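Everything on this sheet refers to the single structure shown next.
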Amino acid sequence: PEDLKNHKLWNYAGDPDGTQAWKKAGFNPVPLSPTELMTSLQSGMVNAFSTTPLSAAAYQWFGLAKNMCGMKWAPLIGGIIVSTKTWKKIPESLRTKLHHAALDIGKQIQVEIDNADGQALTIMKEHGLKVHPVSPEIEAQWQPIINSGFEYVIGKSFDEASYNEVKKHLKDFRESNAQ
């Protein structure tokens, strides 16, 4: 974490709470739109960014940032949102089937995303990207910083009940998959 504090870190311009969380943790976030990142890397306005391997490859940002931290940073979460009004129009006998179909599709999409990220990472390495592994000790240094960032955005970017529910599911998952 101390290494990253010395850099100008790109942050989504549309995320003022995230920007403040980074600042509160001692980092130097530079809020910009994704379309401004390439020119900002070229000019030196920013010299670090956090994104998926697929995005770094697709936008060619990795060409201006040849080093990558090998730590798994954060999941990107998406979902299908159905209004209550629409959901109530769906016969109850189909709701469970729709729910299971959505879960199955989500699993398939995750596999495709993981494959695309892996392919992007391979291509970037072939073009000079250096991936630096992160030891468990360094990952442990990040944990209190990550937690403080979450604590800052609870109630701003998302509600506390949702946050606690996700934490519970993560804890349950980790306990059931501990090896």
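All residue names refer to the structure tokens as shown: chains lettered A, B, ... in order, residues numbered from 1 in each chain, ligands numbered from 1 in order.
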
Closest-contact table, range 120-175 of chain A side, partner range 60-66 of chain A, 10 Å, counting only C-alpha atoms, as a tab-separated table:
residue	atom	partner	partner_atom	distance
A:Leu121	CA	A:Phe62	CA	9.9
A:Met124	CA	A:Phe62	CA	7.1
A:Lys125	CA	A:Lys66	CA	9.0
A:His127	CA	A:Gly63	CA	8.1
A:Gly128	CA	A:Lys66	CA	6.5
A:Leu129	CA	A:Lys66	CA	4.7
A:Lys130	CA	A:Lys66	CA	6.1
A:Val131	CA	A:Lys66	CA	8.6

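All residues of protein, DNA or RNA that reach within 9 Å of Gln20 in chain A, judged by only C-alpha atoms and not counting those fewer than 3 positions away in the chain, are Asp15, Pro16, Asp17, Lys23, Lys24, Ala25, Pro29, Gly149, Tyr152 and Val153 of chain A.
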
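CA of Gln110 in chain A is positioned 24.5 Å from CA of Asn11 in chain A.
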
message: Can you tell me, as an MDAnalysis selection string, which residues in range 10-86 of chain A count as helix (DSSP H, G or I) by DSSP?
response: chainID A and resid 16:24 34:43 53:58 61:64 84:86

Can you tell me, as a PDB file with N, CA and C atoms, in the first residue's frame, what residues are no more than 12 Å from His99 in chain A when counting only C-alpha atoms, ignoring any on the same chain fewer than 4 positions away?
ATOM      1  N   GLY A  79     -25.914  -7.314 -11.889  1.00  0.00           N
ATOM      2  CA  GLY A  79     -27.143  -8.035 -11.619  1.00  0.00           C
ATOM      3  C   GLY A  79     -28.236  -7.651 -12.593  1.00  0.00           C
ATOM      4  N   ILE A  80     -29.271  -8.437 -12.556  1.00  0.00           N
ATOM      5  CA  ILE A  80     -30.472  -8.139 -13.325  1.00  0.00           C
ATOM      6  C   ILE A  80     -31.486  -7.580 -12.341  1.00  0.00           C
ATOM      7  N   ILE A  81     -31.962  -6.399 -12.612  1.00  0.00           N
ATOM      8  CA  ILE A  81     -32.910  -5.743 -11.728  1.00  0.00           C
ATOM      9  C   ILE A  81     -34.293  -5.802 -12.374  1.00  0.00           C
ATOM     10  N   VAL A  82     -35.242  -6.297 -11.604  1.00  0.00           N
ATOM     11  CA  VAL A  82     -36.630  -6.386 -12.067  1.00  0.00           C
ATOM     12  C   VAL A  82     -37.480  -5.621 -11.059  1.00  0.00           C
ATOM     13  N   TRP A  87     -42.163  -7.983 -11.494  1.00  0.00           N
ATOM     14  CA  TRP A  87     -42.004  -9.296 -10.855  1.00  0.00           C
ATOM     15  C   TRP A  87     -43.357  -9.879 -10.465  1.00  0.00           C
ATOM     16  N   ILE A  90     -45.244 -11.792 -13.119  1.00  0.00           N
ATOM     17  CA  ILE A  90     -44.744 -13.114 -13.484  1.00  0.00           C
ATOM     18  C   ILE A  90     -45.452 -14.146 -12.608  1.00  0.00           C
ATOM     19  N   GLU A  92     -46.223 -16.966 -10.172  1.00  0.00           N
ATOM     20  CA  GLU A  92     -45.390 -17.462  -9.082  1.00  0.00           C
ATOM     21  C   GLU A  92     -44.724 -18.793  -9.425  1.00  0.00           C
ATOM     22  N   SER A  93     -45.381 -19.598 -10.208  1.00  0.00           N
ATOM     23  CA  SER A  93     -44.824 -20.903 -10.583  1.00  0.00           C
ATOM     24  C   SER A  93     -43.563 -20.770 -11.456  1.00  0.00           C
ATOM     25  N   LEU A  94     -43.376 -19.611 -12.089  1.00  0.00           N
ATOM     26  CA  LEU A  94     -42.201 -19.397 -12.946  1.00  0.00           C
ATOM     27  C   LEU A  94     -41.059 -18.680 -12.237  1.00  0.00           C
ATOM     28  N   ARG A  95     -41.337 -18.036 -11.130  1.00  0.00           N
ATOM     29  CA  ARG A  95     -40.322 -17.206 -10.472  1.00  0.00           C
ATOM     30  C   ARG A  95     -39.094 -18.018 -10.054  1.00  0.00           C
ATOM     31  N   LEU A 103     -29.264 -17.619 -12.212  1.00  0.00           N
ATOM     32  CA  LEU A 103     -28.049 -18.078 -11.527  1.00  0.00           C
ATOM     33  C   LEU A 103     -27.155 -18.869 -12.468  1.00  0.00           C
ATOM     34  N   ASP A 104     -27.760 -19.755 -13.266  1.00  0.00           N
ATOM     35  CA  ASP A 104     -26.986 -20.552 -14.226  1.00  0.00           C
ATOM     36  C   ASP A 104     -26.301 -19.660 -15.258  1.00  0.00           C
ATOM     37  N   ILE A 105     -27.031 -18.693 -15.771  1.00  0.00           N
ATOM     38  CA  ILE A 105     -26.455 -17.767 -16.754  1.00  0.00           C
ATOM     39  C   ILE A 105     -25.325 -16.960 -16.116  1.00  0.00           C
ATOM     40  N   GLY A 106     -25.534 -16.538 -14.867  1.00  0.00           N
ATOM     41  CA  GLY A 106     -24.491 -15.800 -14.154  1.00  0.00           C
ATOM     42  C   GLY A 106     -23.211 -16.603 -14.024  1.00  0.00           C
TER      43      GLY A 106
END

Contacts of range 116-118 of chain A at 10 Å (only C-alpha atoms; same-chain gap of 6+ positions) as a ChimeraX atom specification: /A:52-57,110,124

Store the residues picked out above, limited to C-alpha atoms, as an mmCIF file, in the first residue's frame.
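Saved as again_26.cif:
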data_model
loop_
_atom_site.group_PDB
_atom_site.id
_atom_site.type_symbol
_atom_site.label_atom_id
_atom_site.label_comp_id
_atom_site.auth_asym_id
_atom_site.auth_seq_id
_atom_site.Cartn_x
_atom_site.Cartn_y
_atom_site.Cartn_z
ATOM 1 C CA THR A 52 -9.776 -5.464 -14.975
ATOM 2 C CA PRO A 53 -7.213 -7.124 -17.258
ATOM 3 C CA LEU A 54 -9.752 -7.110 -20.097
ATOM 4 C CA SER A 55 -10.269 -3.344 -19.803
ATOM 5 C CA ALA A 56 -6.528 -2.647 -19.567
ATOM 6 C CA ALA A 57 -5.961 -4.660 -22.743
ATOM 7 C CA GLN A 110 -18.415 -15.564 -14.905
ATOM 8 C CA MET A 124 -0.396 -8.119 -22.232
#
